[in-house]
$ cat target_9.cif   # mmCIF, C-alpha atoms and all ligand atoms
data_query
#
loop_
_atom_site.group_PDB
_atom_site.id
_atom_site.type_symbol
_atom_site.label_atom_id
_atom_site.label_comp_id
_atom_site.auth_asym_id
_atom_site.auth_seq_id
_atom_site.Cartn_x
_atom_site.Cartn_y
_atom_site.Cartn_z
ATOM 1 C CA MET A 1 191.739 -6.626 91.252
ATOM 2 C CA LYS A 2 193.911 -4.652 93.670
ATOM 3 C CA ARG A 3 194.069 -5.879 97.252
ATOM 4 C CA PRO A 4 195.738 -4.367 100.333
ATOM 5 C CA ASN A 5 198.614 -5.780 102.377
ATOM 6 C CA ILE A 6 198.040 -5.929 106.129
ATOM 7 C CA LEU A 7 200.615 -6.029 108.926
ATOM 8 C CA LEU A 8 199.654 -7.619 112.251
ATOM 9 C CA THR A 9 202.217 -6.790 114.902
ATOM 10 C CA GLY A 10 202.557 -6.644 118.689
ATOM 11 C CA THR A 11 204.299 -8.363 121.593
ATOM 12 C CA PRO A 12 204.468 -12.189 121.406
ATOM 13 C CA GLY A 13 201.242 -13.735 122.741
ATOM 14 C CA VAL A 14 198.832 -10.918 121.851
ATOM 15 C CA GLY A 15 197.010 -13.034 119.254
ATOM 16 C CA LYS A 16 198.546 -12.141 115.872
ATOM 17 C CA THR A 17 198.737 -15.723 114.595
ATOM 18 C CA THR A 18 195.224 -16.647 115.677
ATOM 19 C CA LEU A 19 193.778 -13.503 114.090
ATOM 20 C CA GLY A 20 195.910 -13.692 110.933
ATOM 21 C CA LYS A 21 194.909 -17.279 110.200
ATOM 22 C CA GLU A 22 191.232 -16.432 110.769
ATOM 23 C CA ILE A 23 191.436 -13.515 108.330
ATOM 24 C CA ALA A 24 193.009 -15.821 105.738
ATOM 25 C CA LEU A 25 190.194 -18.370 106.264
ATOM 26 C CA ARG A 26 187.536 -15.707 105.681
ATOM 27 C CA THR A 27 189.229 -14.135 102.626
ATOM 28 C CA ASP A 28 191.420 -15.219 99.730
ATOM 29 C CA PHE A 29 194.404 -13.489 101.353
ATOM 30 C CA THR A 30 197.734 -15.234 101.977
ATOM 31 C CA TYR A 31 198.959 -15.416 105.583
ATOM 32 C CA ILE A 32 202.709 -15.130 106.201
ATOM 33 C CA ASN A 33 204.170 -15.821 109.630
ATOM 34 C CA VAL A 34 207.617 -14.209 109.395
ATOM 35 C CA GLY A 35 209.000 -16.292 112.270
ATOM 36 C CA ASP A 36 208.017 -19.519 110.482
ATOM 37 C CA LEU A 37 209.300 -18.234 107.137
ATOM 38 C CA ALA A 38 212.699 -17.486 108.688
ATOM 39 C CA LYS A 39 212.787 -20.895 110.340
ATOM 40 C CA GLU A 40 211.936 -22.756 107.129
ATOM 41 C CA GLY A 41 214.555 -20.877 105.105
ATOM 42 C CA GLU A 42 217.047 -20.650 107.983
ATOM 43 C CA LEU A 43 217.122 -16.896 107.370
ATOM 44 C CA TYR A 44 219.299 -16.242 110.406
ATOM 45 C CA GLU A 45 222.544 -14.416 111.000
ATOM 46 C CA GLY A 46 223.568 -15.720 114.393
ATOM 47 C CA PHE A 47 222.248 -16.741 117.775
ATOM 48 C CA ASP A 48 221.214 -14.532 120.688
ATOM 49 C CA GLU A 49 222.668 -16.246 123.765
ATOM 50 C CA GLU A 50 220.742 -14.051 126.207
ATOM 51 C CA TYR A 51 217.307 -14.846 124.771
ATOM 52 C CA GLU A 52 218.272 -18.265 123.452
ATOM 53 C CA CYS A 53 216.866 -17.593 120.023
ATOM 54 C CA PRO A 54 218.251 -17.142 116.515
ATOM 55 C CA ILE A 55 218.782 -13.628 115.128
ATOM 56 C CA LEU A 56 216.756 -12.841 112.024
ATOM 57 C CA ASP A 57 218.646 -11.987 108.837
ATOM 58 C CA GLU A 58 216.335 -9.098 107.961
ATOM 59 C CA ASP A 59 217.720 -8.492 104.460
ATOM 60 C CA ARG A 60 217.203 -12.094 103.432
ATOM 61 C CA VAL A 61 213.700 -12.108 104.945
ATOM 62 C CA ILE A 62 212.831 -9.034 102.863
ATOM 63 C CA ASP A 63 214.291 -10.583 99.701
ATOM 64 C CA GLU A 64 212.281 -13.729 100.339
ATOM 65 C CA MET A 65 209.023 -11.797 100.831
ATOM 66 C CA GLU A 66 209.325 -9.086 98.167
ATOM 67 C CA ASP A 67 207.740 -11.087 95.323
ATOM 68 C CA LYS A 68 204.846 -12.227 97.497
ATOM 69 C CA MET A 69 204.073 -8.664 98.618
ATOM 70 C CA LYS A 70 203.977 -6.934 95.261
ATOM 71 C CA ASP A 71 200.464 -7.985 94.189
ATOM 72 C CA GLY A 72 198.766 -7.282 97.538
ATOM 73 C CA GLY A 73 196.434 -9.631 99.398
ATOM 74 C CA VAL A 74 198.973 -10.610 102.061
ATOM 75 C CA ILE A 75 198.605 -10.684 105.855
ATOM 76 C CA VAL A 76 202.007 -10.482 107.581
ATOM 77 C CA ASP A 77 202.456 -11.526 111.219
ATOM 78 C CA TYR A 78 205.568 -10.544 113.185
ATOM 79 C CA HIS A 79 206.458 -9.234 116.641
ATOM 80 C CA SER A 80 208.580 -6.432 115.229
ATOM 81 C CA CYS A 81 207.821 -4.071 112.372
ATOM 82 C CA ASP A 82 210.601 -1.530 111.773
ATOM 83 C CA PHE A 83 212.621 -3.420 109.159
ATOM 84 C CA PHE A 84 209.910 -4.025 106.557
ATOM 85 C CA PRO A 85 209.750 -1.554 103.656
ATOM 86 C CA GLU A 86 207.112 1.031 104.574
ATOM 87 C CA ARG A 87 205.613 0.823 101.075
ATOM 88 C CA TRP A 88 204.543 -2.802 101.614
ATOM 89 C CA PHE A 89 201.619 -2.076 103.915
ATOM 90 C CA ASN A 90 198.313 -0.298 103.477
ATOM 91 C CA ILE A 91 197.375 -0.735 107.137
ATOM 92 C CA VAL A 92 199.115 -1.770 110.364
ATOM 93 C CA PHE A 93 197.306 -3.293 113.331
ATOM 94 C CA VAL A 94 199.083 -3.405 116.691
ATOM 95 C CA LEU A 95 197.381 -5.940 118.954
ATOM 96 C CA ARG A 96 197.403 -5.053 122.656
ATOM 97 C CA THR A 97 196.833 -7.305 125.670
ATOM 98 C CA GLU A 98 196.565 -6.507 129.383
ATOM 99 C CA ASN A 99 199.389 -7.905 131.510
ATOM 100 C CA SER A 100 197.416 -10.469 133.459
ATOM 101 C CA PHE A 101 196.111 -12.119 130.268
ATOM 102 C CA LEU A 102 199.481 -11.881 128.518
ATOM 103 C CA TYR A 103 201.357 -13.327 131.474
ATOM 104 C CA ASP A 104 199.173 -16.455 131.480
ATOM 105 C CA ARG A 105 199.447 -16.899 127.723
ATOM 106 C CA LEU A 106 203.252 -16.612 127.708
ATOM 107 C CA GLU A 107 203.589 -18.886 130.723
ATOM 108 C CA ASN A 108 201.440 -21.465 128.929
ATOM 109 C CA ARG A 109 203.806 -21.140 125.971
ATOM 110 C CA GLY A 110 206.664 -22.105 128.277
ATOM 111 C CA TYR A 111 208.233 -18.658 128.661
ATOM 112 C CA LYS A 112 209.834 -18.058 132.042
ATOM 113 C CA GLY A 113 212.360 -15.886 133.861
ATOM 114 C CA LYS A 114 213.919 -13.050 131.906
ATOM 115 C CA LYS A 115 212.207 -13.919 128.625
ATOM 116 C CA LEU A 116 208.771 -13.793 130.294
ATOM 117 C CA GLN A 117 209.538 -10.555 132.172
ATOM 118 C CA ASP A 118 211.001 -8.811 129.125
ATOM 119 C CA ASN A 119 207.991 -9.613 126.984
ATOM 120 C CA ILE A 120 205.601 -8.350 129.663
ATOM 121 C CA GLN A 121 207.683 -5.150 129.910
ATOM 122 C CA CYS A 122 207.621 -4.809 126.131
ATOM 123 C CA GLU A 123 203.818 -4.709 126.353
ATOM 124 C CA ILE A 124 203.743 -2.361 129.378
ATOM 125 C CA PHE A 125 206.030 0.135 127.627
ATOM 126 C CA GLN A 126 204.017 -0.226 124.385
ATOM 127 C CA THR A 127 207.315 -0.788 122.589
ATOM 128 C CA ILE A 128 205.825 -2.262 119.416
ATOM 129 C CA TYR A 129 203.125 0.398 119.170
ATOM 130 C CA GLU A 130 205.793 3.100 119.298
ATOM 131 C CA GLU A 131 207.919 1.186 116.785
ATOM 132 C CA ALA A 132 204.917 1.034 114.432
ATOM 133 C CA MET A 133 204.122 4.747 114.906
ATOM 134 C CA SER A 134 207.692 5.692 114.014
ATOM 135 C CA SER A 135 207.966 3.277 111.059
ATOM 136 C CA TYR A 136 204.653 3.962 109.265
ATOM 137 C CA LYS A 137 202.359 6.921 108.662
ATOM 138 C CA GLU A 138 200.506 7.410 111.944
ATOM 139 C CA GLU A 139 197.116 7.403 110.212
ATOM 140 C CA ILE A 140 197.539 3.805 109.016
ATOM 141 C CA VAL A 141 198.520 2.461 112.479
ATOM 142 C CA HIS A 142 195.661 1.158 114.645
ATOM 143 C CA GLN A 143 195.661 -0.470 118.069
ATOM 144 C CA LEU A 144 193.295 -3.376 118.727
ATOM 145 C CA SER A 145 192.482 -4.783 122.179
ATOM 146 C CA SER A 146 193.060 -8.521 122.255
ATOM 147 C CA ASN A 147 192.151 -9.683 125.766
ATOM 148 C CA THR A 148 189.174 -11.968 125.232
ATOM 149 C CA PRO A 149 187.661 -14.238 122.563
ATOM 150 C CA GLU A 150 184.995 -11.535 122.070
ATOM 151 C CA ASP A 151 187.784 -9.051 121.245
ATOM 152 C CA MET A 152 189.176 -11.540 118.728
ATOM 153 C CA GLU A 153 185.780 -11.887 117.001
ATOM 154 C CA ARG A 154 185.250 -8.129 116.916
ATOM 155 C CA ASN A 155 188.737 -7.501 115.516
ATOM 156 C CA LEU A 156 188.198 -10.153 112.875
ATOM 157 C CA ASP A 157 184.872 -8.637 111.785
ATOM 158 C CA GLN A 158 186.340 -5.117 111.696
ATOM 159 C CA ILE A 159 189.323 -6.147 109.595
ATOM 160 C CA ILE A 160 187.143 -8.087 107.126
ATOM 161 C CA GLU A 161 184.910 -5.018 106.817
ATOM 162 C CA TRP A 162 187.946 -2.775 106.295
ATOM 163 C CA ILE A 163 189.311 -5.095 103.571
ATOM 164 C CA GLU A 164 185.976 -5.114 101.723
ATOM 165 C CA GLN A 165 185.772 -1.326 101.857
ATOM 166 C CA TRP A 166 189.389 -0.915 100.681
ATOM 167 C CA ILE A 167 188.760 -3.199 97.693
ATOM 168 C CA LYS A 168 185.613 -1.229 96.766
ATOM 169 C CA ASP A 169 187.441 2.097 97.061
ATOM 170 C CA ASN A 170 190.493 0.997 95.058
ATOM 171 C CA ASN A 171 189.037 -0.933 92.124
HETATM 172 P P1 LIG A 201 200.945 -14.290 118.815
HETATM 173 O O1 LIG A 201 200.839 -14.796 117.393
HETATM 174 O O2 LIG A 201 200.725 -12.816 118.896
HETATM 175 O O3 LIG A 201 202.179 -14.732 119.525
HETATM 176 P P2 LIG A 201 198.852 -16.254 119.348
HETATM 177 O O4 LIG A 201 197.843 -16.020 118.272
HETATM 178 O O5 LIG A 201 199.785 -17.396 119.169
HETATM 179 O O6 LIG A 201 199.690 -14.917 119.616
HETATM 180 O O7 LIG A 201 198.057 -16.362 120.708
HETATM 181 C C1 LIG A 201 198.684 -16.785 121.918
HETATM 182 C C2 LIG A 201 197.684 -17.556 122.748
HETATM 183 O O8 LIG A 201 196.693 -16.683 123.259
HETATM 184 C C3 LIG A 201 196.930 -18.643 121.982
HETATM 185 O O9 LIG A 201 196.748 -19.726 122.863
HETATM 186 C C4 LIG A 201 195.595 -18.012 121.662
HETATM 187 C C5 LIG A 201 195.394 -17.055 122.809
HETATM 188 N N1 LIG A 201 194.718 -15.805 122.425
HETATM 189 C C6 LIG A 201 195.128 -14.938 121.497
HETATM 190 N N2 LIG A 201 194.313 -13.892 121.398
HETATM 191 C C7 LIG A 201 193.338 -14.092 122.305
HETATM 192 C C8 LIG A 201 192.178 -13.354 122.703
HETATM 193 N N3 LIG A 201 191.844 -12.175 122.135
HETATM 194 N N4 LIG A 201 191.404 -13.870 123.670
HETATM 195 C C9 LIG A 201 191.725 -15.053 124.246
HETATM 196 N N5 LIG A 201 192.796 -15.797 123.934
HETATM 197 C C10 LIG A 201 193.590 -15.324 122.966
#

$ encode --input "target_9.cif" --output "structure tokens" --more "lines below"
Ligand code: DAT
Amino acid sequence: MKRPNILLTGTPGVGKTTLGKEIALRTDFTYINVGDLAKEGELYEGFDEEYECPILDEDRVIDEMEDKMKDGGVIVDYHSCDFFPERWFNIVFVLRTENSFLYDRLENRGYKGKKLQDNIQCEIFQTIYEEAMSSYKEEIVHQLSSNTPEDMERNLDQIIEWIEQWIKDNN
């Protein structure tokens, strides 16, 4: 049976991990958190002093994921989306969160100063949405509001419904 691959992207804190894990619980899909994958395999090529975080080795991340992606049925979660092969994904969801909600979530995560401000700006300027629109066919890129638990439930139901329909249409 053919199954689609799904990309969940958006600014840190918008709810990708929470949603991705829920989708995996409700389906037989595999959830991949690219940040965790890179950490486990130390797939880094340096350290960003300004943001105090390691720099992803994108080529090695892609090599690591390629085998997992080829049969479909994968949910990928990452806060950037322009370095994945376009052919991997059948649909791209960009989660969006209003500033006041996002600010609280990132503060709770321990972000402060420049890191906090830059991530809020990233969301204000819809940086990841524009990155997704320029990296994938516009018709497969969808924005989802992720402000409240009700939004999360609705997004989850919609994605499950979309998956079921895709499987019907493609098998
Ligand atoms: P991300 O993976 O995009 O960084 P997350 O899933 O870790 O985000 O969520 C960050 C925090 O915000 C976490 O405590 C769960 C909460 N959260 C996420 N989406 C939410 C929503 N739609 N409504 C309320 N809280 C949400």

$ residues_around --input "target_9.cif" --residues "Glu58 in chain A" --least-positions-apart "6" --cutoff "12 Å" --atoms "all atoms listed in the file" --output "PyMOL selection string"
chain A and resi 34-35+37-38+42-46+64-65+80-85

$ resolve_selection --input "target_9.cif" --expression "the PyMOL selection byres (((not hetatm)) within 6 of (chain A and resi 201))" --output "NGL selection string"
:A and (12-18 or 105 or 146-149 or 151-152)

$ closest_residue --input "target_9.cif" --among "A:Cys53, A:Gly10, A:Asn171, A:Gln165" --to "Ile120 in chain A" --atoms "all atoms listed in the file"
A:Gly10

$ closest_residue --input "target_9.cif" --among "A:Val94, A:Leu25, A:Ile55, A:Leu19" --to "Glu131 in chain A" --atoms "only C-alpha atoms"
A:Val94

$ atom_distance --input "target_9.cif" --atom1 "CA of Leu102 in chain A" --atom2 "CA of Thr30 in chain A"
26.8 Å

$ atom_distance --input "target_9.cif" --atom1 "CA of Ala132 in chain A" --atom2 "CA of Trp88 in chain A"
13.4 Å

$ closest_residue --input "target_9.cif" --among "A:Asp28, A:Asp77, A:Glu86, A:Asp71" --to "Ser135 in chain A" --atoms "all atoms listed in the file"
A:Glu86

$ resolve_selection --input "target_9.cif" --expression "the PyMOL selection byres (((chain A and resi 166) around 12) and not hetatm)" --output "number ranges by chain"
A: 1-6, 72-73, 90-91, 159-165, 167-171

$ atom_distance --input "target_9.cif" --atom1 "CA of Tyr78 in chain A" --atom2 "CA of Leu56 in chain A"
11.5 Å

$ resolve_selection --input "target_9.cif" --expression "the PyMOL selection byres (((chain A and resi 143) around 9) and not hetatm)" --output "ChimeraX atom specification"
/A:92-96,129,141-142,144-145

$ closest_residue --input "target_9.cif" --among "A:Lys39, A:Arg109, A:Lys21, A:Lys70" --to "Pro54 in chain A" --atoms "all atoms listed in the file"
A:Lys39

$ closest_residue --input "target_9.cif" --among "A:Ser100, A:Gln158, A:Asn108, A:Thr11" --to "Cys122 in chain A" --atoms "all atoms listed in the file"
A:Thr11

$ axis_aligned_box --input "target_9.cif" --around "range 141-154 of chain A" --padding-each-side "8 Å" --output "JSON"
{"center_x": 191.8, "center_y": -5.9, "center_z": 119.1, "size_x": 29.5, "size_y": 32.7, "size_z": 29.3}
